[in-house]
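Participant: File name work_3.cif; file contents mmCIF, C-alpha atoms; full text below.
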data_upload
#
loop_
_atom_site.label_atom_id
_atom_site.label_comp_id
_atom_site.auth_asym_id
_atom_site.auth_seq_id
_atom_site.Cartn_x
_atom_site.Cartn_y
_atom_site.Cartn_z
CA MET Y 1 91.03 45.75 70.44
CA THR Y 2 88.54 45.15 73.23
CA LEU Y 3 87.58 48.24 75.17
CA PRO Y 4 86.77 47.99 78.88
CA GLN Y 5 83.11 48.10 79.87
CA THR Y 6 81.69 50.57 82.36
CA PRO Y 7 80.78 48.74 85.59
CA SER Y 8 77.07 48.47 86.15
CA PHE Y 9 75.12 50.98 88.21
CA GLN Y 10 72.16 48.60 88.25
CA LEU Y 11 71.10 47.04 91.56
CA THR Y 12 68.78 44.33 90.24
CA GLY Y 13 68.62 41.45 92.72
CA LYS Y 14 69.96 43.58 95.58
CA THR Y 15 68.14 44.35 98.81
CA ALA Y 16 68.61 47.75 100.42
CA LEU Y 17 67.71 49.31 103.75
CA VAL Y 18 67.29 53.09 103.90
CA THR Y 19 66.73 54.73 107.27
CA GLY Y 20 65.42 58.24 107.70
CA ALA Y 21 63.47 57.56 104.53
CA SER Y 22 60.28 59.48 105.29
CA SER Y 23 61.48 62.71 103.64
CA GLY Y 24 64.41 64.66 102.29
CA ILE Y 25 67.68 62.92 101.51
CA GLY Y 26 66.58 59.51 102.78
CA GLN Y 27 63.44 59.49 100.66
CA ALA Y 28 65.44 60.53 97.59
CA CYS Y 29 68.03 57.82 98.19
CA ALA Y 30 65.31 55.19 98.48
CA ALA Y 31 63.87 56.34 95.15
CA ALA Y 32 67.32 56.20 93.53
CA LEU Y 33 67.98 52.65 94.69
CA ALA Y 34 64.50 51.39 93.81
CA GLY Y 35 64.75 53.05 90.41
CA THR Y 36 67.84 50.99 89.56
CA GLY Y 37 66.35 47.65 90.50
CA ALA Y 38 66.90 47.16 94.23
CA ARG Y 39 64.19 45.99 96.58
CA VAL Y 40 64.15 48.77 99.15
CA TYR Y 41 63.00 48.76 102.75
CA LEU Y 42 62.20 52.33 103.77
CA ALA Y 43 62.54 52.82 107.52
CA ALA Y 44 61.57 55.62 109.88
CA ARG Y 45 59.81 56.08 113.21
CA SER Y 46 56.44 56.85 111.58
CA LEU Y 47 54.75 54.90 108.81
CA ASP Y 48 52.47 57.57 107.33
CA LYS Y 49 54.93 59.34 105.03
CA LEU Y 50 56.75 56.10 104.30
CA GLN Y 51 53.60 54.43 103.01
CA ALA Y 52 52.89 57.31 100.64
CA THR Y 53 56.41 57.01 99.21
CA VAL Y 54 56.12 53.24 98.90
CA ALA Y 55 52.80 53.59 97.08
CA GLU Y 56 54.38 55.91 94.52
CA LEU Y 57 57.36 53.61 94.00
CA GLU Y 58 55.04 50.65 93.51
CA GLN Y 59 53.06 52.62 90.93
CA ARG Y 60 56.34 52.89 89.02
CA GLY Y 61 56.69 49.12 89.16
CA GLN Y 62 59.46 49.23 91.75
CA ALA Y 63 59.83 47.04 94.84
CA ALA Y 64 59.54 48.84 98.16
CA GLU Y 65 58.29 48.23 101.68
CA ALA Y 66 57.69 50.58 104.62
CA VAL Y 67 59.07 49.68 108.04
CA ARG Y 68 58.50 51.41 111.36
CA LEU Y 69 61.96 51.40 112.93
CA ASP Y 70 63.52 53.57 115.62
CA ILE Y 71 67.24 53.03 115.19
CA THR Y 72 67.98 54.49 118.62
CA ASP Y 73 66.47 51.25 119.97
CA ILE Y 74 69.64 49.28 119.34
CA GLU Y 75 68.34 45.86 120.38
CA ALA Y 76 65.06 46.08 118.45
CA THR Y 77 66.82 47.34 115.33
CA ALA Y 78 69.41 44.56 115.42
CA HIS Y 79 66.67 41.97 115.91
CA TRP Y 80 64.70 43.29 112.92
CA ILE Y 81 67.80 43.26 110.72
CA ASP Y 82 68.56 39.69 111.79
CA GLN Y 83 65.03 38.68 110.81
CA HIS Y 84 64.92 40.46 107.43
CA GLY Y 85 68.53 40.65 106.25
CA PRO Y 86 71.12 40.33 105.05
CA PHE Y 87 71.01 43.65 103.23
CA ASP Y 88 73.31 44.23 100.28
CA VAL Y 89 73.08 48.00 100.71
CA LEU Y 90 72.57 50.25 103.72
CA VAL Y 91 71.91 53.97 103.45
CA ASN Y 92 71.65 55.56 106.89
CA SER Y 93 70.09 58.99 106.47
CA ALA Y 94 68.57 59.25 109.94
CA GLY Y 95 70.02 62.20 111.79
CA ILE Y 96 69.33 65.33 113.78
CA GLY Y 97 70.87 68.78 114.07
CA ARG Y 98 71.04 70.62 117.38
CA HIS Y 99 72.42 73.96 116.25
CA GLY Y 100 73.31 76.91 118.45
CA PRO Y 101 76.24 78.64 120.13
CA ALA Y 102 78.60 76.22 121.85
CA VAL Y 103 78.36 78.20 125.10
CA ASP Y 104 74.63 77.47 125.17
CA THR Y 105 74.80 73.71 124.50
CA THR Y 106 72.88 71.70 127.08
CA PRO Y 107 73.76 68.12 128.05
CA GLU Y 108 70.31 67.08 126.87
CA ALA Y 109 70.81 68.49 123.37
CA PHE Y 110 74.30 67.02 123.19
CA ASP Y 111 73.11 63.58 124.27
CA GLN Y 112 70.15 63.61 121.88
CA ALA Y 113 72.37 64.36 118.88
CA MET Y 114 75.03 61.86 119.90
CA ASN Y 115 72.44 59.17 120.53
CA LEU Y 116 71.00 59.31 117.01
CA ASN Y 117 73.86 60.60 114.86
CA VAL Y 118 76.62 58.49 116.41
CA ARG Y 119 75.44 55.71 118.71
CA ALA Y 120 72.48 54.60 116.59
CA ALA Y 121 74.43 54.99 113.34
CA TYR Y 122 77.31 52.92 114.71
CA PHE Y 123 75.19 50.00 115.85
CA LEU Y 124 72.98 50.11 112.76
CA THR Y 125 76.06 49.79 110.58
CA GLN Y 126 77.34 47.01 112.84
CA ALA Y 127 74.08 45.07 112.61
CA VAL Y 128 73.90 45.21 108.81
CA ALA Y 129 77.59 44.30 108.51
CA ARG Y 130 77.16 41.37 110.89
CA GLY Y 131 74.41 39.96 108.67
CA LEU Y 132 76.64 40.20 105.61
CA LEU Y 133 79.66 38.71 107.37
CA ASN Y 134 77.62 35.81 108.72
CA ALA Y 135 76.23 35.14 105.24
CA GLY Y 136 79.61 35.49 103.58
CA LYS Y 137 78.29 38.23 101.30
CA PRO Y 138 79.85 41.50 100.16
CA GLY Y 139 77.93 44.73 100.61
CA SER Y 140 77.98 48.51 100.58
CA LEU Y 141 77.20 50.45 103.75
CA ILE Y 142 76.70 54.19 103.34
CA ASN Y 143 76.30 56.72 106.13
CA ILE Y 144 74.98 60.14 105.18
CA SER Y 145 77.46 62.37 106.94
CA SER Y 146 78.05 66.05 106.16
CA GLN Y 147 80.65 68.51 105.02
CA MET Y 148 80.60 69.37 108.75
CA GLY Y 149 82.24 65.99 109.33
CA THR Y 150 85.46 67.48 107.96
CA VAL Y 151 85.21 71.21 108.73
CA GLY Y 152 83.72 73.47 111.39
CA GLY Y 153 80.72 75.74 111.22
CA VAL Y 154 79.07 78.56 113.13
CA ASP Y 155 76.63 77.28 115.79
CA ARG Y 156 77.39 73.70 114.81
CA SER Y 157 79.76 72.41 117.47
CA VAL Y 158 77.53 69.52 118.48
CA TYR Y 159 76.61 68.59 114.92
CA CYS Y 160 80.26 68.76 113.83
CA ALA Y 161 81.24 66.53 116.75
CA THR Y 162 78.72 63.88 115.72
CA LYS Y 163 79.66 63.89 112.05
CA HIS Y 164 83.41 63.85 112.75
CA ALA Y 165 82.70 60.74 114.84
CA VAL Y 166 80.81 59.13 111.95
CA GLU Y 167 83.78 59.76 109.67
CA GLY Y 168 86.07 58.09 112.19
CA PHE Y 169 84.13 54.89 112.74
CA THR Y 170 83.40 54.60 109.01
CA LYS Y 171 87.12 54.51 108.22
CA ALA Y 172 87.85 52.01 110.99
CA MET Y 173 85.01 49.69 109.96
CA ALA Y 174 86.12 49.87 106.33
CA ILE Y 175 89.56 48.62 107.34
CA GLU Y 176 88.14 45.86 109.53
CA TRP Y 177 85.67 44.46 107.00
CA GLY Y 178 87.47 45.15 103.73
CA LYS Y 179 88.82 41.64 103.23
CA ALA Y 180 85.24 40.32 103.47
CA GLY Y 181 84.14 42.64 100.67
CA VAL Y 182 82.01 44.81 102.93
CA ARG Y 183 82.60 48.42 101.93
CA VAL Y 184 81.83 51.35 104.25
CA ASN Y 185 81.72 54.95 103.05
CA THR Y 186 80.11 58.28 103.77
CA VAL Y 187 78.46 60.92 101.63
CA CYS Y 188 79.19 64.46 102.83
CA PRO Y 189 76.62 66.93 101.52
CA THR Y 190 76.63 70.66 101.83
CA PHE Y 191 73.35 72.35 102.78
CA ILE Y 192 70.56 70.50 100.97
CA ARG Y 193 67.10 71.94 100.51
CA THR Y 194 64.81 69.78 102.66
CA PRO Y 195 62.07 70.47 105.22
CA LEU Y 196 64.74 70.35 107.95
CA THR Y 197 66.84 73.12 106.40
CA GLU Y 198 64.06 75.61 105.71
CA SER Y 199 64.93 77.73 108.75
CA THR Y 200 68.55 78.08 107.61
CA PHE Y 201 67.54 79.16 104.12
CA ALA Y 202 65.06 81.66 105.55
CA ASP Y 203 67.82 83.45 107.49
CA PRO Y 204 69.50 86.13 105.28
CA GLU Y 205 72.70 86.07 107.35
CA ARG Y 206 72.99 82.29 107.05
CA MET Y 207 72.24 82.43 103.32
CA GLN Y 208 75.04 84.93 102.87
CA TRP Y 209 77.37 82.56 104.72
CA LEU Y 210 76.35 79.74 102.36
CA GLN Y 211 76.79 81.85 99.26
CA ASN Y 212 80.25 82.89 100.42
CA ASN Y 213 81.37 79.29 100.80
CA ILE Y 214 79.63 77.25 98.11
CA VAL Y 215 81.79 77.73 95.03
CA LEU Y 216 79.07 76.59 92.62
CA ASP Y 217 76.88 79.39 93.97
CA ARG Y 218 73.80 77.38 94.80
CA VAL Y 219 72.54 75.25 97.65
CA GLY Y 220 72.06 71.55 97.14
CA GLU Y 221 68.95 69.66 96.11
CA VAL Y 222 68.19 66.06 97.09
CA GLU Y 223 68.80 65.02 93.49
CA ASP Y 224 72.46 65.99 94.00
CA ILE Y 225 72.80 63.20 96.57
CA MET Y 226 71.00 60.48 94.61
CA GLY Y 227 73.79 59.91 92.09
CA ALA Y 228 76.47 59.83 94.77
CA VAL Y 229 74.61 57.19 96.76
CA LEU Y 230 73.85 55.14 93.67
CA TYR Y 231 77.55 55.18 92.76
CA LEU Y 232 78.61 53.95 96.21
CA ALA Y 233 75.85 51.32 96.31
CA SER Y 234 76.75 49.85 92.92
CA ASP Y 235 79.61 47.88 91.40
CA ALA Y 236 80.86 51.10 89.85
CA SER Y 237 82.52 51.87 93.20
CA SER Y 238 83.83 48.37 93.94
CA LEU Y 239 87.30 49.69 94.87
CA VAL Y 240 85.97 52.50 97.08
CA THR Y 241 85.88 52.04 100.85
CA GLY Y 242 86.72 54.16 103.86
CA SER Y 243 86.05 57.25 101.77
CA ALA Y 244 84.08 60.44 102.29
CA LEU Y 245 82.41 61.47 99.05
CA SER Y 246 81.92 65.24 99.15
CA VAL Y 247 78.85 66.71 97.48
CA ASP Y 248 79.52 70.19 98.79
CA GLY Y 249 79.63 72.53 95.82
CA GLY Y 250 83.30 73.19 96.49
CA TRP Y 251 82.88 74.23 100.14
CA ARG Y 252 85.92 72.33 101.40
CA ALA Y 253 88.08 73.43 98.47
CA HIS Y 254 87.12 77.01 99.24
#
Please render this file's structure as structure tokens.

Facilitator:
Amino acid sequence: MTLPQTPSFQLTGKTALVTGASSGIGQACAAALAGTGARVYLAARSLDKLQATVAELEQRGQAAEAVRLDITDIEATAHWIDQHGPFDVLVNSAGIGRHGPAVDTTPEAFDQAMNLNVRAAYFLTQAVARGLLNAGKPGSLINISSQMGTVGGVDRSVYCATKHAVEGFTKAMAIEWGKAGVRVNTVCPTFIRTPLTESTFADPERMQWLQNNIVLDRVGEVEDIMGAVLYLASDASSLVTGSALSVDGGWRAH
């Protein structure tokens, strides 16, 4: 008898691009990919924090490079990807939350969130996919979405709108590029402890809301996202596309 072998989670020989990599989820995802053998380009609008992360990864003997990239500049981003790709793996963790009552939403706040969370994410995914398609290579494209891409939330009408849109174009792109071996998925976290979520965790009313909805009775840590992204980036998920991988502590089940 010959037992089947577990598909590899290793990314040796792969090249990955991680946006929003200066802190939080993006930084953690870059560390996860570099730690399993990928050469990782860490991208954000500012180089300072990126360079510190790259220095630590290099001290571990891992391959990483910092890139100043504003993905809302569609043309410049596409040009950079053309020059440095194709990328086997994309993790798009760049995003913004504009939270508040829907009756108070301003056009400026709406447009700012849509511009980064939807427009930039769409064309970033397009640019990386185009490089793979032109090279005849398979790949894994991962957008960091949210549990709010599938449910609603208090004071989160704009954010929910952007993440529902990400879920929609991810599914459509997955169908379009599937025969070429280009997989497109999302990761949908619950509330993760990062510098951007400190204000939510400091609000007792919001914390009670979280505790009432997260079945596992704790908020998320960036480490909770690392394994999910590694799974989707690797051959272990070779039959997974057009999917939303929930890392929500049971929020949606609840």

Participant: Return the single residue from Y:Ala113, Y:Ala21, Y:Ala38, Y:Val128 that is closest to Gly61 in chain Y, with distances computed using only C-alpha atoms.

Facilitator: Y:Ala38

Participant: Using all atoms listed in the file, which residue out of Y:Ile144, Y:Ala233, Y:Ala76, Y:Ala43 lies closest to Lys14 in chain Y?

Facilitator: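 With all atoms listed in the file as the atom set, the closest residue is Y:Ala233.
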
Participant: The PyMOL selection byres ((chain Y and resi 90) around 10) on the file shown: which residues, as a PyMOL selection string?

Facilitator: chain Y and resi 15-19+40-41+87-89+91-93+124-125+128-129+139-143+184+233

Participant: Could you jot down the CA of Asn213 in chain Y to CA of Gly250 in chain Y separation for me, Å, one decimal place?

Facilitator: 7.7 Å

Participant: Output as JSON lines one row per residue of range 22-78 of chain Y within 12 Å of range 188-192 of chain Y: the closest atom pair and its distance in Å to one decimal place, counting only C-alpha atoms, sorted by chain and residue number ascending.

Facilitator:
{"residue": "Y:Gly24", "atom": "CA", "partner": "Y:Ile192", "partner_atom": "CA", "distance": 8.6}
{"residue": "Y:Ile25", "atom": "CA", "partner": "Y:Ile192", "partner_atom": "CA", "distance": 8.1}
{"residue": "Y:Gly26", "atom": "CA", "partner": "Y:Ile192", "partner_atom": "CA", "distance": 11.8}
{"residue": "Y:Ala28", "atom": "CA", "partner": "Y:Ile192", "partner_atom": "CA", "distance": 11.7}

Participant: Store the residues of this selection in a file with C-alpha atoms, as a short mmCIF file (atom, residue, chain, number, x, y, z; two decimals), in the coordinates of the input.

Facilitator:
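See again_17.cif below for the written result:
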data_model
loop_
_atom_site.label_atom_id
_atom_site.label_comp_id
_atom_site.auth_asym_id
_atom_site.auth_seq_id
_atom_site.Cartn_x
_atom_site.Cartn_y
_atom_site.Cartn_z
CA GLY Y 24 64.41 64.66 102.29
CA ILE Y 25 67.68 62.92 101.51
CA GLY Y 26 66.58 59.51 102.78
CA ALA Y 28 65.44 60.53 97.59
#

Participant: Pick from Y:Gly35, Y:Gly13, Y:Gly100, Y:Pro86: nearest to Val154 in chain Y, with only C-alpha atoms counted?

Facilitator: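 Closest residue, counting only C-alpha atoms: Y:Gly100.
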
Participant: From the set Y:Cys160, Y:Lys137, Y:Gly242, Y:Met226, which residue has the shortest atom-to-atom contact distance to Ala174 in chain Y, counting only C-alpha atoms?

Facilitator: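 Answer, going by the shortest atom-to-atom distance: Y:Gly242.
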